[in-house]
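S.K.: Sharing model_8.cif below, mmCIF, C-alpha atoms and all ligand atoms:
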```
data_run
loop_
_atom_site.group_PDB
_atom_site.id
_atom_site.type_symbol
_atom_site.label_atom_id
_atom_site.label_comp_id
_atom_site.auth_asym_id
_atom_site.auth_seq_id
_atom_site.Cartn_x
_atom_site.Cartn_y
_atom_site.Cartn_z
ATOM 1 C CA MET A 186 311.285 228.089 -112.252
ATOM 2 C CA ALA A 187 308.509 229.888 -110.400
ATOM 3 C CA HIS A 188 306.448 229.488 -113.538
ATOM 4 C CA MET A 189 306.970 225.718 -113.516
ATOM 5 C CA MET A 190 306.081 225.516 -109.832
ATOM 6 C CA ARG A 191 302.865 227.375 -110.416
ATOM 7 C CA ARG A 192 301.860 225.002 -113.219
ATOM 8 C CA LEU A 193 302.642 222.057 -111.020
ATOM 9 C CA ILE A 194 300.500 223.423 -108.227
ATOM 10 C CA ILE A 195 297.603 224.075 -110.593
ATOM 11 C CA LEU A 196 297.931 220.560 -111.985
ATOM 12 C CA LEU A 197 297.997 219.081 -108.502
ATOM 13 C CA GLY A 198 294.960 221.133 -107.566
ATOM 14 C CA LEU A 199 293.056 219.926 -110.613
ATOM 15 C CA MET A 200 293.873 216.317 -109.819
ATOM 16 C CA LEU A 201 292.777 216.686 -106.229
ATOM 17 C CA SER A 202 289.526 218.369 -107.145
ATOM 18 C CA GLY A 203 288.938 215.590 -109.679
ATOM 19 C CA VAL A 204 289.348 212.990 -106.961
ATOM 20 C CA CYS A 205 287.053 214.823 -104.625
ATOM 21 C CA CYS A 206 284.342 215.184 -107.250
ATOM 22 C CA LEU A 207 284.574 211.617 -108.390
ATOM 23 C CA SER A 208 284.029 210.336 -104.893
ATOM 24 C CA LYS A 209 281.160 212.789 -104.473
ATOM 25 C CA THR A 210 279.336 211.419 -107.519
ATOM 26 C CA ASN A 211 279.842 207.892 -106.309
ATOM 27 C CA HIS A 212 278.446 208.795 -102.960
ATOM 28 C CA ARG A 213 275.466 210.516 -104.541
ATOM 29 C CA LYS A 214 274.739 207.546 -106.754
ATOM 30 C CA ASN A 215 274.650 205.209 -103.788
ATOM 31 C CA SER A 216 272.499 207.440 -101.635
ATOM 32 C CA LYS A 217 270.172 208.006 -104.561
ATOM 33 C CA HIS A 218 269.427 204.349 -104.868
ATOM 34 C CA ALA A 219 268.565 203.921 -101.216
ATOM 35 C CA GLY A 220 266.961 207.284 -100.574
ATOM 36 C CA VAL A 221 264.374 207.983 -103.266
ATOM 37 C CA THR A 222 260.847 208.263 -101.965
ATOM 38 C CA TYR A 223 257.773 209.217 -103.947
ATOM 39 C CA GLU A 224 255.290 211.817 -102.883
ATOM 40 C CA VAL A 225 251.893 211.084 -104.421
ATOM 41 C CA THR A 226 249.242 213.811 -104.626
ATOM 42 C CA LEU A 227 245.652 213.162 -105.601
ATOM 43 C CA ASP A 228 244.664 216.382 -107.352
ATOM 44 C CA VAL A 229 240.953 216.635 -106.673
ATOM 45 C CA TYR A 230 240.280 219.814 -104.683
ATOM 46 C CA SER A 231 239.939 223.394 -105.807
ATOM 47 C CA GLY A 232 240.023 225.288 -102.523
ATOM 48 C CA ARG A 233 241.741 223.230 -99.864
ATOM 49 C CA GLU A 234 245.081 221.465 -100.108
ATOM 50 C CA ASN A 235 245.073 218.112 -101.899
ATOM 51 C CA PRO A 236 245.662 214.795 -100.117
ATOM 52 C CA THR A 237 249.332 213.804 -100.341
ATOM 53 C CA TRP A 238 251.164 210.743 -99.090
ATOM 54 C CA GLU A 239 254.660 209.386 -99.235
ATOM 55 C CA ILE A 240 255.793 206.022 -100.583
ATOM 56 C CA ASP A 241 259.154 204.657 -99.510
ATOM 57 C CA HIS A 242 260.860 201.341 -100.263
ATOM 58 C CA THR A 243 258.948 199.589 -97.471
ATOM 59 C CA SER A 244 255.628 200.104 -99.293
ATOM 60 C CA PRO A 245 254.270 197.225 -101.390
ATOM 61 C CA HIS A 246 253.518 199.863 -104.066
ATOM 62 C CA TYR A 247 257.091 201.131 -104.256
ATOM 63 C CA LYS A 248 258.271 198.974 -107.169
ATOM 64 C CA SER A 249 255.264 199.688 -109.398
ATOM 65 C CA ILE A 250 255.487 203.425 -108.764
ATOM 66 C CA GLU A 251 259.231 203.404 -109.423
ATOM 67 C CA LYS A 252 258.660 201.576 -112.702
ATOM 68 C CA ALA A 253 255.779 203.811 -113.780
ATOM 69 C CA PHE A 254 257.669 206.975 -112.852
ATOM 70 C CA LYS A 255 260.562 205.954 -115.085
ATOM 71 C CA SER A 256 258.666 204.608 -118.065
ATOM 72 C CA VAL A 257 255.199 206.119 -118.361
ATOM 73 C CA LYS A 258 254.756 209.355 -120.295
ATOM 74 C CA LYS A 259 253.590 212.498 -118.494
ATOM 75 C CA THR A 260 250.027 213.543 -119.323
ATOM 76 C CA PRO A 261 248.589 216.947 -118.370
ATOM 77 C CA LEU A 262 246.247 217.385 -115.414
ATOM 78 C CA GLY A 263 242.551 217.913 -116.084
ATOM 79 C CA GLU A 264 241.144 221.425 -116.047
ATOM 80 C CA HIS A 265 237.652 221.121 -114.684
ATOM 81 C CA LEU A 266 236.144 220.621 -111.257
ATOM 82 C CA GLY A 267 236.717 217.467 -109.234
ATOM 83 C CA TYR A 268 239.316 214.873 -110.164
ATOM 84 C CA HIS A 269 242.308 216.391 -112.031
ATOM 85 C CA GLY A 270 244.684 213.414 -111.922
ATOM 86 C CA PHE A 271 247.806 212.539 -109.922
ATOM 87 C CA LEU A 272 251.157 214.176 -109.301
ATOM 88 C CA VAL A 273 254.139 212.100 -108.333
ATOM 89 C CA LYS A 274 257.258 213.832 -107.024
ATOM 90 C CA THR A 275 260.565 212.266 -106.152
ATOM 91 C CA THR A 276 261.775 213.550 -102.836
ATOM 92 C CA GLU A 277 265.400 213.193 -101.987
ATOM 93 C CA ALA A 278 267.336 215.449 -99.682
ATOM 94 C CA HIS A 279 270.200 216.461 -101.966
ATOM 95 C CA ASP A 280 268.690 216.027 -105.367
ATOM 96 C CA ARG A 281 266.589 218.000 -107.792
ATOM 97 C CA LYS A 282 262.898 217.217 -107.417
ATOM 98 C CA GLU A 283 261.270 215.630 -110.415
ATOM 99 C CA ILE A 284 257.542 215.748 -111.046
ATOM 100 C CA TRP A 285 255.425 213.388 -113.091
ATOM 101 C CA THR A 286 251.724 214.021 -113.783
ATOM 102 C CA VAL A 287 248.995 211.613 -114.848
ATOM 103 C CA GLY A 288 245.891 213.282 -116.279
ATOM 104 C CA PRO A 289 242.362 212.060 -115.496
ATOM 105 C CA GLY A 290 241.280 208.929 -117.350
ATOM 106 C CA LYS A 291 244.575 208.874 -119.264
ATOM 107 C CA ASN A 292 245.888 205.619 -117.849
ATOM 108 C CA LYS A 293 243.338 203.640 -115.858
ATOM 109 C CA GLU A 294 245.786 201.038 -114.559
ATOM 110 C CA ILE A 295 248.344 203.539 -113.320
ATOM 111 C CA GLU A 296 245.708 205.819 -111.809
ATOM 112 C CA THR A 297 244.151 202.883 -109.966
ATOM 113 C CA MET A 298 247.573 201.830 -108.720
ATOM 114 C CA LEU A 299 248.317 205.357 -107.507
ATOM 115 C CA LEU A 300 244.980 205.625 -105.721
ATOM 116 C CA LYS A 301 245.579 202.277 -104.038
ATOM 117 C CA SER A 302 249.021 203.401 -102.933
ATOM 118 C CA CYS A 303 247.265 205.551 -100.353
ATOM 119 C CA CYS A 304 247.097 202.333 -98.361
ATOM 120 C CA ASN A 305 249.848 200.838 -96.296
ATOM 121 C CA ALA A 306 248.648 197.320 -96.938
ATOM 122 C CA HIS A 307 248.345 195.152 -100.026
ATOM 123 C CA LEU A 308 244.948 195.366 -101.637
ATOM 124 C CA THR A 309 243.015 192.984 -103.800
ATOM 125 C CA GLU A 310 242.828 193.703 -107.515
ATOM 126 C CA GLU A 311 239.307 194.999 -107.107
ATOM 127 C CA LEU A 312 239.424 198.653 -106.150
ATOM 128 C CA GLU A 313 237.140 198.494 -103.186
ATOM 129 C CA THR A 314 236.487 201.833 -101.629
ATOM 130 C CA SER A 315 235.745 200.255 -98.271
ATOM 131 C CA SER A 316 239.168 198.625 -98.195
ATOM 132 C CA LEU A 317 240.796 201.942 -99.057
ATOM 133 C CA GLN A 318 239.199 203.344 -95.946
ATOM 134 C CA SER A 319 240.091 200.474 -93.666
ATOM 135 C CA CYS A 320 243.730 200.434 -94.763
ATOM 136 C CA GLY A 321 244.373 203.807 -93.188
ATOM 137 C CA CYS A 322 243.857 206.007 -96.239
ATOM 138 C CA SER A 323 242.243 209.142 -94.900
ATOM 139 C CA ILE A 324 240.683 210.476 -98.107
ATOM 140 C CA PRO A 325 236.914 210.891 -97.545
ATOM 141 C CA ARG A 326 234.751 208.111 -98.921
ATOM 142 C CA VAL A 327 232.799 210.374 -101.300
ATOM 143 C CA VAL A 328 236.061 211.617 -102.797
ATOM 144 C CA ILE A 329 237.363 208.088 -103.373
ATOM 145 C CA ASP A 330 234.015 207.199 -104.974
ATOM 146 C CA LEU A 331 234.152 210.215 -107.289
ATOM 147 C CA VAL A 332 237.752 209.511 -108.317
ATOM 148 C CA THR A 333 237.014 205.825 -108.895
ATOM 149 C CA ARG A 334 234.084 206.721 -111.149
ATOM 150 C CA ALA A 335 236.120 209.346 -113.013
ATOM 151 C CA ILE A 336 238.976 206.879 -113.624
ATOM 152 C CA ASN A 337 236.355 204.619 -115.177
ATOM 153 C CA GLY A 338 235.069 207.425 -117.371
ATOM 154 C CA ILE A 339 231.946 208.267 -115.387
ATOM 155 C CA ILE A 340 231.741 212.033 -114.855
ATOM 156 C CA HIS A 341 228.986 213.590 -112.811
ATOM 157 C CA HIS A 342 227.362 216.705 -114.239
ATOM 158 C CA PHE A 343 225.321 219.173 -112.271
ATOM 159 C CA ASN A 344 223.108 221.853 -113.800
ATOM 160 C CA GLY A 345 224.095 222.990 -117.260
ATOM 161 C CA HIS A 346 222.393 226.251 -118.205
ATOM 162 C CA SER A 347 225.451 228.407 -117.856
ATOM 163 C CA ASN A 348 224.392 230.873 -120.502
ATOM 164 C CA ASN A 349 221.051 232.654 -120.228
ATOM 165 C CA GLY A 350 222.038 235.673 -122.310
ATOM 166 C CA THR A 351 221.867 238.250 -119.509
ATOM 167 C CA HIS A 352 225.030 239.925 -118.338
ATOM 168 C CA ILE A 353 225.153 241.216 -114.790
ATOM 169 C CA ALA A 354 226.042 244.913 -114.560
ATOM 170 C CA ASN A 355 229.656 245.010 -113.505
ATOM 171 C CA LYS A 356 232.042 247.776 -112.534
ATOM 172 C CA CYS A 357 234.901 245.413 -111.863
ATOM 173 C CA LYS A 358 237.859 245.684 -114.193
ATOM 174 C CA THR A 359 239.286 242.171 -113.932
ATOM 175 C CA ARG A 360 239.920 240.508 -117.267
ATOM 176 C CA PHE A 361 240.205 236.890 -118.214
ATOM 177 C CA GLU A 362 243.997 236.688 -118.696
ATOM 178 C CA PRO A 363 244.910 233.042 -118.242
ATOM 179 C CA HIS A 364 248.588 233.532 -119.186
ATOM 180 C CA VAL A 365 249.057 235.576 -116.003
ATOM 181 C CA TRP A 366 247.860 232.701 -113.814
ATOM 182 C CA ASN A 367 248.965 229.678 -115.800
ATOM 183 C CA ALA A 368 252.684 230.438 -115.844
ATOM 184 C CA PRO A 369 255.016 227.986 -114.093
ATOM 185 C CA GLY A 370 255.688 229.144 -110.537
ATOM 186 C CA VAL A 371 252.240 230.757 -110.369
ATOM 187 C CA ILE A 372 249.772 228.100 -111.500
ATOM 188 C CA GLU A 373 250.676 225.569 -108.804
ATOM 189 C CA TYR A 374 250.676 227.994 -105.847
ATOM 190 C CA ASN A 375 247.429 229.881 -106.427
ATOM 191 C CA ASN A 376 243.924 228.457 -106.164
ATOM 192 C CA CYS A 377 240.311 229.534 -106.718
ATOM 193 C CA TYR A 378 240.393 231.917 -103.733
ATOM 194 C CA ASN A 379 243.496 233.676 -105.086
ATOM 195 C CA TYR A 380 241.958 233.879 -108.525
ATOM 196 C CA GLY A 381 238.470 234.861 -107.359
ATOM 197 C CA THR A 382 239.812 237.739 -105.254
ATOM 198 C CA ASN A 383 242.448 238.533 -107.900
ATOM 199 C CA ARG A 384 245.238 238.310 -105.290
ATOM 200 C CA ARG A 385 248.338 236.335 -106.156
ATOM 201 C CA THR A 386 249.867 235.281 -102.832
ATOM 202 C CA ASN A 387 251.557 232.026 -103.942
ATOM 203 C CA THR A 388 250.229 230.447 -100.730
ATOM 204 C CA PHE A 389 247.201 228.470 -102.026
ATOM 205 C CA ALA A 390 245.055 230.943 -100.078
ATOM 206 C CA GLN A 391 242.487 229.697 -97.577
ATOM 207 C CA PRO A 392 239.404 231.616 -96.419
ATOM 208 C CA GLY A 393 240.025 233.076 -92.960
ATOM 209 C CA ARG A 394 243.764 232.479 -92.869
ATOM 210 C CA GLY A 395 244.604 236.064 -93.806
ATOM 211 C CA SER A 396 242.617 237.342 -90.850
ATOM 212 C CA GLY A 397 244.008 234.869 -88.331
ATOM 213 C CA ARG A 398 241.263 232.236 -88.147
ATOM 214 C CA ILE A 399 241.099 229.762 -90.998
ATOM 215 C CA LEU A 400 237.819 228.023 -91.833
ATOM 216 C CA ASN A 401 236.973 224.793 -90.027
ATOM 217 C CA PHE A 402 237.618 221.917 -92.437
ATOM 218 C CA ALA A 403 235.580 219.510 -90.324
ATOM 219 C CA ASN A 404 232.499 221.424 -91.362
ATOM 220 C CA VAL A 405 232.750 222.715 -94.923
ATOM 221 C CA ASP A 406 229.405 224.319 -95.688
ATOM 222 C CA ALA A 407 228.135 227.624 -97.090
ATOM 223 C CA ASN A 408 228.000 229.427 -93.773
ATOM 224 C CA GLU A 409 231.441 228.296 -92.622
ATOM 225 C CA VAL A 410 233.141 229.506 -95.819
ATOM 226 C CA LEU A 411 231.120 232.721 -96.126
ATOM 227 C CA SER A 412 231.954 233.643 -92.509
ATOM 228 C CA ALA A 413 235.650 232.974 -93.076
ATOM 229 C CA CYS A 414 235.528 235.199 -96.189
ATOM 230 C CA ALA A 415 233.793 237.937 -94.180
ATOM 231 C CA ARG A 416 236.641 237.808 -91.632
ATOM 232 C CA ASP A 417 239.053 238.377 -94.527
ATOM 233 C CA GLY A 418 237.156 241.559 -95.389
ATOM 234 C CA LEU A 419 234.872 240.327 -98.174
ATOM 235 C CA THR A 420 231.225 241.388 -98.201
ATOM 236 C CA ARG A 421 228.385 238.883 -98.030
ATOM 237 C CA LEU A 422 225.718 239.849 -100.581
ATOM 238 C CA ASN A 423 222.059 238.955 -101.002
ATOM 239 C CA GLY A 424 222.273 238.866 -104.777
ATOM 240 C CA PRO A 425 224.605 239.385 -107.742
ATOM 241 C CA ASN A 426 225.213 243.089 -107.122
ATOM 242 C CA ALA A 427 228.544 244.200 -105.686
ATOM 243 C CA GLY A 428 228.211 247.933 -106.375
ATOM 244 C CA ASP A 429 231.692 249.290 -107.028
ATOM 245 C CA ASP A 430 233.364 246.124 -105.812
ATOM 246 C CA CYS A 431 234.146 242.994 -107.782
ATOM 247 C CA LEU A 432 231.727 240.096 -107.708
ATOM 248 C CA MET A 433 232.614 236.574 -106.651
ATOM 249 C CA ALA A 434 230.371 233.484 -106.375
ATOM 250 C CA LEU A 435 230.841 230.577 -103.970
ATOM 251 C CA VAL A 436 229.865 226.933 -104.540
ATOM 252 C CA ILE A 437 230.277 224.078 -102.057
ATOM 253 C CA TRP A 438 231.049 220.381 -102.400
ATOM 254 C CA PRO A 439 229.113 219.518 -99.242
ATOM 255 C CA GLY A 440 231.375 218.548 -96.358
ATOM 256 C CA ILE A 441 234.408 218.379 -98.630
ATOM 257 C CA ASP A 442 235.557 221.546 -100.400
ATOM 258 C CA PHE A 443 234.715 225.059 -101.612
ATOM 259 C CA HIS A 444 235.147 226.775 -104.976
ATOM 260 C CA PHE A 445 234.976 230.398 -106.180
ATOM 261 C CA TYR A 446 234.194 232.067 -109.506
ATOM 262 C CA ARG A 447 234.685 235.722 -110.398
ATOM 263 C CA LEU A 448 232.805 237.953 -112.806
ATOM 264 C CA ASP A 449 235.102 239.634 -115.316
ATOM 265 C CA GLU A 450 234.763 242.930 -117.149
ATOM 266 C CA ASN A 451 233.240 241.208 -120.185
ATOM 267 C CA GLY A 452 230.245 239.920 -118.180
ATOM 268 C CA PHE A 453 231.414 236.301 -118.171
ATOM 269 C CA TRP A 454 232.556 234.276 -115.166
ATOM 270 C CA SER A 455 235.956 232.652 -114.909
ATOM 271 C CA HIS A 456 237.774 230.535 -112.323
ATOM 272 C CA LYS A 457 240.877 228.570 -111.433
ATOM 273 C CA PRO A 458 240.184 225.067 -110.060
ATOM 274 C CA GLY A 459 242.933 224.448 -107.500
ATOM 275 C CA ARG A 460 246.416 224.178 -108.932
ATOM 276 C CA THR A 461 245.091 223.693 -112.470
ATOM 277 C CA ALA A 462 244.727 226.342 -115.187
ATOM 278 C CA ALA A 463 242.527 229.444 -115.065
ATOM 279 C CA ILE A 464 239.612 228.868 -117.436
ATOM 280 C CA ASP A 465 236.393 230.610 -118.523
ATOM 281 C CA THR A 466 234.253 227.520 -119.002
ATOM 282 C CA ASP A 467 232.252 225.398 -116.563
ATOM 283 C CA HIS A 468 232.372 221.645 -115.899
ATOM 284 C CA SER A 469 230.415 221.085 -119.152
ATOM 285 C CA MET A 470 232.873 223.293 -121.105
ATOM 286 C CA ASN A 471 230.363 226.113 -121.596
ATOM 287 C CA ARG A 472 231.060 229.793 -121.068
ATOM 288 C CA MET A 473 229.165 231.283 -118.162
ATOM 289 C CA ASP A 474 227.046 234.381 -117.813
ATOM 290 C CA ASP A 475 224.500 232.641 -115.571
ATOM 291 C CA ILE A 476 226.663 231.321 -112.754
ATOM 292 C CA GLU A 477 223.769 229.867 -110.762
ATOM 293 C CA GLY A 478 222.808 227.624 -113.656
ATOM 294 C CA ALA A 479 226.373 226.591 -114.546
ATOM 295 C CA ASP A 480 227.714 223.057 -114.160
ATOM 296 C CA HIS A 481 229.812 222.966 -110.975
ATOM 297 C CA GLY A 482 230.569 219.232 -111.044
ATOM 298 C CA PRO A 483 230.641 217.911 -107.459
ATOM 299 C CA TYR A 484 230.201 221.431 -105.998
ATOM 300 C CA THR A 485 226.433 221.003 -105.903
ATOM 301 C CA VAL A 486 225.490 223.798 -103.485
ATOM 302 C CA PHE A 487 225.312 227.346 -104.778
ATOM 303 C CA ALA A 488 226.257 229.282 -101.635
ATOM 304 C CA GLY A 489 225.859 232.882 -102.777
ATOM 305 C CA TYR A 490 227.723 236.011 -103.810
ATOM 306 C CA LEU A 491 230.555 237.989 -102.258
ATOM 307 C CA GLY A 492 231.863 241.500 -102.854
ATOM 308 C CA VAL A 493 235.613 241.926 -103.234
ATOM 309 C CA GLY A 494 236.714 245.417 -102.193
ATOM 310 C CA LYS A 495 240.163 246.956 -102.044
ATOM 311 C CA HIS A 496 240.813 246.285 -98.363
ATOM 312 C CA ILE A 497 240.887 242.557 -97.967
ATOM 313 C CA ASN A 498 243.287 240.193 -96.280
ATOM 314 C CA ILE A 499 244.025 237.123 -98.388
ATOM 315 C CA ASN A 500 246.579 234.493 -97.470
HETATM 316 C C1 LIG A 601 220.342 234.693 -115.594
HETATM 317 O O1 LIG A 601 221.073 234.237 -114.444
HETATM 318 C C2 LIG A 601 221.265 235.176 -113.407
HETATM 319 C C3 LIG A 601 221.984 234.500 -112.246
HETATM 320 O O2 LIG A 601 223.085 233.841 -112.613
HETATM 321 C C4 LIG A 601 219.939 235.717 -112.911
HETATM 322 O O3 LIG A 601 220.178 236.733 -111.959
HETATM 323 C C5 LIG A 601 219.117 236.246 -114.069
HETATM 324 O O4 LIG A 601 217.854 236.614 -113.595
HETATM 325 C C6 LIG A 601 218.962 235.177 -115.161
HETATM 326 N N1 LIG A 601 218.240 235.745 -116.281
HETATM 327 C C7 LIG A 601 217.234 235.107 -116.869
HETATM 328 C C8 LIG A 601 216.642 235.816 -118.037
HETATM 329 O O5 LIG A 601 216.805 234.037 -116.488
#
```
Could you rewrite the structure in this file as structure tokens?
M.R.:
Amino acid sequence: MAHMMRRLIILLGLMLSGVCCLSKTNHRKNSKHAGVTYEVTLDVYSGRENPTWEIDHTSPHYKSIEKAFKSVKKTPLGEHLGYHGFLVKTTEAHDRKEIWTVGPGKNKEIETMLLKSCCNAHLTEELETSSLQSCGCSIPRVVIDLVTRAINGIIHHFNGHSNNGTHIANKCKTRFEPHVWNAPGVIEYNNCYNYGTNRRTNTFAQPGRGSGRILNFANVDANEVLSACARDGLTRLNGPNAGDDCLMALVIWPGIDFHFYRLDENGFWSHKPGRTAAIDTDHSMNRMDDIEGADHGPYTVFAGYLGVGKHININ
């Protein structure tokens, strides 16, 4: 008898839990339809955080993004300096986040649509950079110009003598080990400053933040970034000689962004452009022993060398 009762109770419990779960799924389905928003990131920077904006159902771009997100294949982000492509994330309070990436020059129409979605207003078919500015999109004009050209297959090269056959004397023991940096959960949270200083903080480190005063983004130039690095405990150098420390080089995209390279044990330079993969080639795909002559893409100012000692504060 007691046995029967127990079975009955278990059965009842199962039925009840079934009811509860069924209604839960229904509820989730409904809220999903109304609640999905898309977070669009233009992946273009190496040092600072990328511009990101949110698209909800009130945006005129909502339908095309929804359609593209569901039907267009993911393509990997680019690996070199400047425009790397777009990331689109669904954001919904109680759901798993999904990410979709569009690599540079992989799908001109979709990339153009995503760039335009930075606006609140409808735009003409022509991708006019001036209208992108006037519609409230706060991405700097030069960045929009660079991305527009890259989408259309026009890539700017700068320098291009990355290999002059002389290796700088180097006591630093860092090795080019891309698998360490390119693993999921690491690659997207560590940038060129993390990589250059060989400090994995998972915070997309910013010069000066570790020491309490982050660099001033309104004025990104050599002196601003070098000073912020000095506050973090790095040593400003007059030339490519760091003594017992490790050697890092700084380049600047004037007014926009900063980028670091580091010299590895083998005498070649390597780097990690933003949230993209750690690589040992420059913007022209050449290996680098002469960092001053390398192709830095839009980072046209060579700002100098820094020494990375043991006691630094990176965050
Ligand atoms: C090679 O480049 C480095 C700087 O990156 C420079 O110090 C060195 O003098 C160059 N060597 C030659 C032979 O030009």
S.K.: Please produce, as a Markdown table, a per-residue contact table for range 214-300 of chain A versus range 370-390 of chain A (criterion: any atom at most 12 Å away, all atoms listed in the file considered), showing the nearest atom pair and its distance in Å to one decimal, sorted by chain then residue number.
M.R.:
```
| residue | atom | partner | partner_atom | distance |
| --- | --- | --- | --- | --- |
| A:Asp228 | CA | A:Glu373 | CA | 11.1 |
| A:Tyr230 | CA | A:Asn376 | CA | 9.5 |
| A:Ser231 | CA | A:Cys377 | CA | 6.2 |
| A:Gly232 | CA | A:Cys377 | CA | 6.0 |
| A:Arg233 | CA | A:Phe389 | CA | 7.9 |
| A:Glu234 | CA | A:Phe389 | CA | 7.6 |
| A:Asn235 | CA | A:Phe389 | CA | 10.6 |
| A:Leu262 | CA | A:Glu373 | CA | 11.4 |
| A:Glu264 | CA | A:Ile372 | CA | 11.8 |
| A:His265 | CA | A:Cys377 | CA | 11.9 |
| A:Leu266 | CA | A:Cys377 | CA | 10.8 |
| A:Leu272 | CA | A:Glu373 | CA | 11.4 |
```
S.K.: Exactly which residues make up the result of the PyMOL selection byres (((not hetatm)) within 7 of (chain A and resi 601)) on this file, given as a ChimeraX atom specification?
M.R.: /A:349-351,425,474-478
S.K.: Between A:Cys414, A:Val327, A:Ala354, A:Cys322, which is the closest to Pro439 in chain A once you count only C-alpha atoms?
M.R.: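 Looking at the shortest contact to Pro439 in chain A, the residue is A:Val327.
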S.K.: Tell me, as a ChimeraX atom specification, which residues lie within 10 Å of Asp406 in chain A, counting only C-alpha atoms; anything in the same chain fewer than 4 positions away does not count.
M.R.: /A:400-402,410-411,436-443,486,488
S.K.: For His364 in chain A, which residue among A:His246, A:Ile464, A:Glu224, A:Thr485 is the nearest when counting all atoms listed in the file?
M.R.: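 Comparing A:His246, A:Ile464, A:Glu224, A:Thr485 against His364 in chain A, the winner is A:Ile464.
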S.K.: First collect every listed atom of range 329-338 of chain A; then fit an axis-aligned box around them, widen it by 3 Å on each side, and give centre and edge lengths in Å to one decimal, as JSON.
M.R.:
```
{"center_x": 236.5, "center_y": 207.4, "center_z": -110.4, "size_x": 11.0, "size_y": 11.6, "size_z": 20.0}
```
S.K.: Expressed in Å to a single decimal, how great is the separation between CA of Gly418 in chain A and CA of Lys495 in chain A?
M.R.: 9.1 Å
S.K.: State, in Å with one decimal place, the distance from CA of Ala335 in chain A to CA of Thr243 in chain A.
M.R.: 29.3 Å
S.K.: What lies within 12 Å of Met470 in chain A using all atoms listed in the file, ignoring chain neighbours under 2 positions off, as a VMD selection string?
M.R.: chain A and resid 264 to 266 342 345 to 348 455 464 to 468 472 to 473 479 to 482
S.K.: Go ahead and compute the interatomic distance for CA of Asn344 in chain A and CA of Phe487 in chain A, in Å to one decimal.
M.R.: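 Atom-to-atom, CA of Asn344 in chain A to CA of Phe487 in chain A, that is 10.8 Å.
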S.K.: Taking the file as I've supplied it (selection: the PyMOL selection byres (((chain A and resi 255) around 12) and not hetatm)), which residues are included? Please answer as a count of residues only.
M.R.: 18
S.K.: What would the selection look like, as JSON, numbers by chain, if the PyMOL selection byres (((chain A and resi 395) around 6) and not hetatm) were run on the coordinates I just shared?
M.R.: {"A": [393, 394, 396, 397, 498, 499, 500]}
S.K.: Write a file of the just-selected residues containing C-alpha atoms, as a PDB file, in the coordinates of the input.
M.R.:
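Saved to part-v9.pdb:
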```
ATOM      1  CA  GLY A 393     240.025 233.076 -92.960  1.00  0.00           C
ATOM      2  CA  ARG A 394     243.764 232.479 -92.869  1.00  0.00           C
ATOM      3  CA  SER A 396     242.617 237.342 -90.850  1.00  0.00           C
ATOM      4  CA  GLY A 397     244.008 234.869 -88.331  1.00  0.00           C
ATOM      5  CA  ASN A 498     243.287 240.193 -96.280  1.00  0.00           C
ATOM      6  CA  ILE A 499     244.025 237.123 -98.388  1.00  0.00           C
ATOM      7  CA  ASN A 500     246.579 234.493 -97.470  1.00  0.00           C
TER       8      ASN A 500
END
```
S.K.: Using all atoms listed in the file, determine which residues lie at most 9 Å from range 289-300 of chain A, disregarding the query and same-chain residues fewer than 2 positions distant; provide the list as a JSON list (two decimals) with C-alpha atoms, in the coordinates of the input.
M.R.:
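Written output follows (out-v9.json):
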```
[["chain", "number", "residue", "atom", "x", "y", "z"],
["A", 225, "VAL", "CA", 251.89, 211.08, -104.42],
["A", 226, "THR", "CA", 249.24, 213.81, -104.63],
["A", 227, "LEU", "CA", 245.65, 213.16, -105.60],
["A", 246, "HIS", "CA", 253.52, 199.86, -104.07],
["A", 249, "SER", "CA", 255.26, 199.69, -109.40],
["A", 250, "ILE", "CA", 255.49, 203.42, -108.76],
["A", 253, "ALA", "CA", 255.78, 203.81, -113.78],
["A", 257, "VAL", "CA", 255.20, 206.12, -118.36],
["A", 260, "THR", "CA", 250.03, 213.54, -119.32],
["A", 261, "PRO", "CA", 248.59, 216.95, -118.37],
["A", 262, "LEU", "CA", 246.25, 217.38, -115.41],
["A", 263, "GLY", "CA", 242.55, 217.91, -116.08],
["A", 268, "TYR", "CA", 239.32, 214.87, -110.16],
["A", 269, "HIS", "CA", 242.31, 216.39, -112.03],
["A", 270, "GLY", "CA", 244.68, 213.41, -111.92],
["A", 271, "PHE", "CA", 247.81, 212.54, -109.92],
["A", 273, "VAL", "CA", 254.14, 212.10, -108.33],
["A", 287, "VAL", "CA", 249.00, 211.61, -114.85],
["A", 302, "SER", "CA", 249.02, 203.40, -102.93],
["A", 303, "CYS", "CA", 247.26, 205.55, -100.35],
["A", 304, "CYS", "CA", 247.10, 202.33, -98.36],
["A", 312, "LEU", "CA", 239.42, 198.65, -106.15],
["A", 317, "LEU", "CA", 240.80, 201.94, -99.06],
["A", 329, "ILE", "CA", 237.36, 208.09, -103.37],
["A", 332, "VAL", "CA", 237.75, 209.51, -108.32],
["A", 333, "THR", "CA", 237.01, 205.82, -108.90],
["A", 335, "ALA", "CA", 236.12, 209.35, -113.01],
["A", 336, "ILE", "CA", 238.98, 206.88, -113.62],
["A", 337, "ASN", "CA", 236.36, 204.62, -115.18],
["A", 338, "GLY", "CA", 235.07, 207.42, -117.37]]
```
S.K.: Measuring between only C-alpha atoms, which one of A:Ile340, A:Gly424, A:Asp241, A:Tyr484 shows the shortest distance to Val405 in chain A?
M.R.: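 Among the listed residues, the smallest separation from Val405 in chain A belongs to A:Tyr484.
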S.K.: Give the answer as one residue: which of A:Gly452, A:Pro363, A:Gly489, A:Gly220 has the shortest atom-to-atom distance to Glu277 in chain A, using only C-alpha atoms?
M.R.: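 Looking at the shortest contact to Glu277 in chain A, the residue is A:Gly220.
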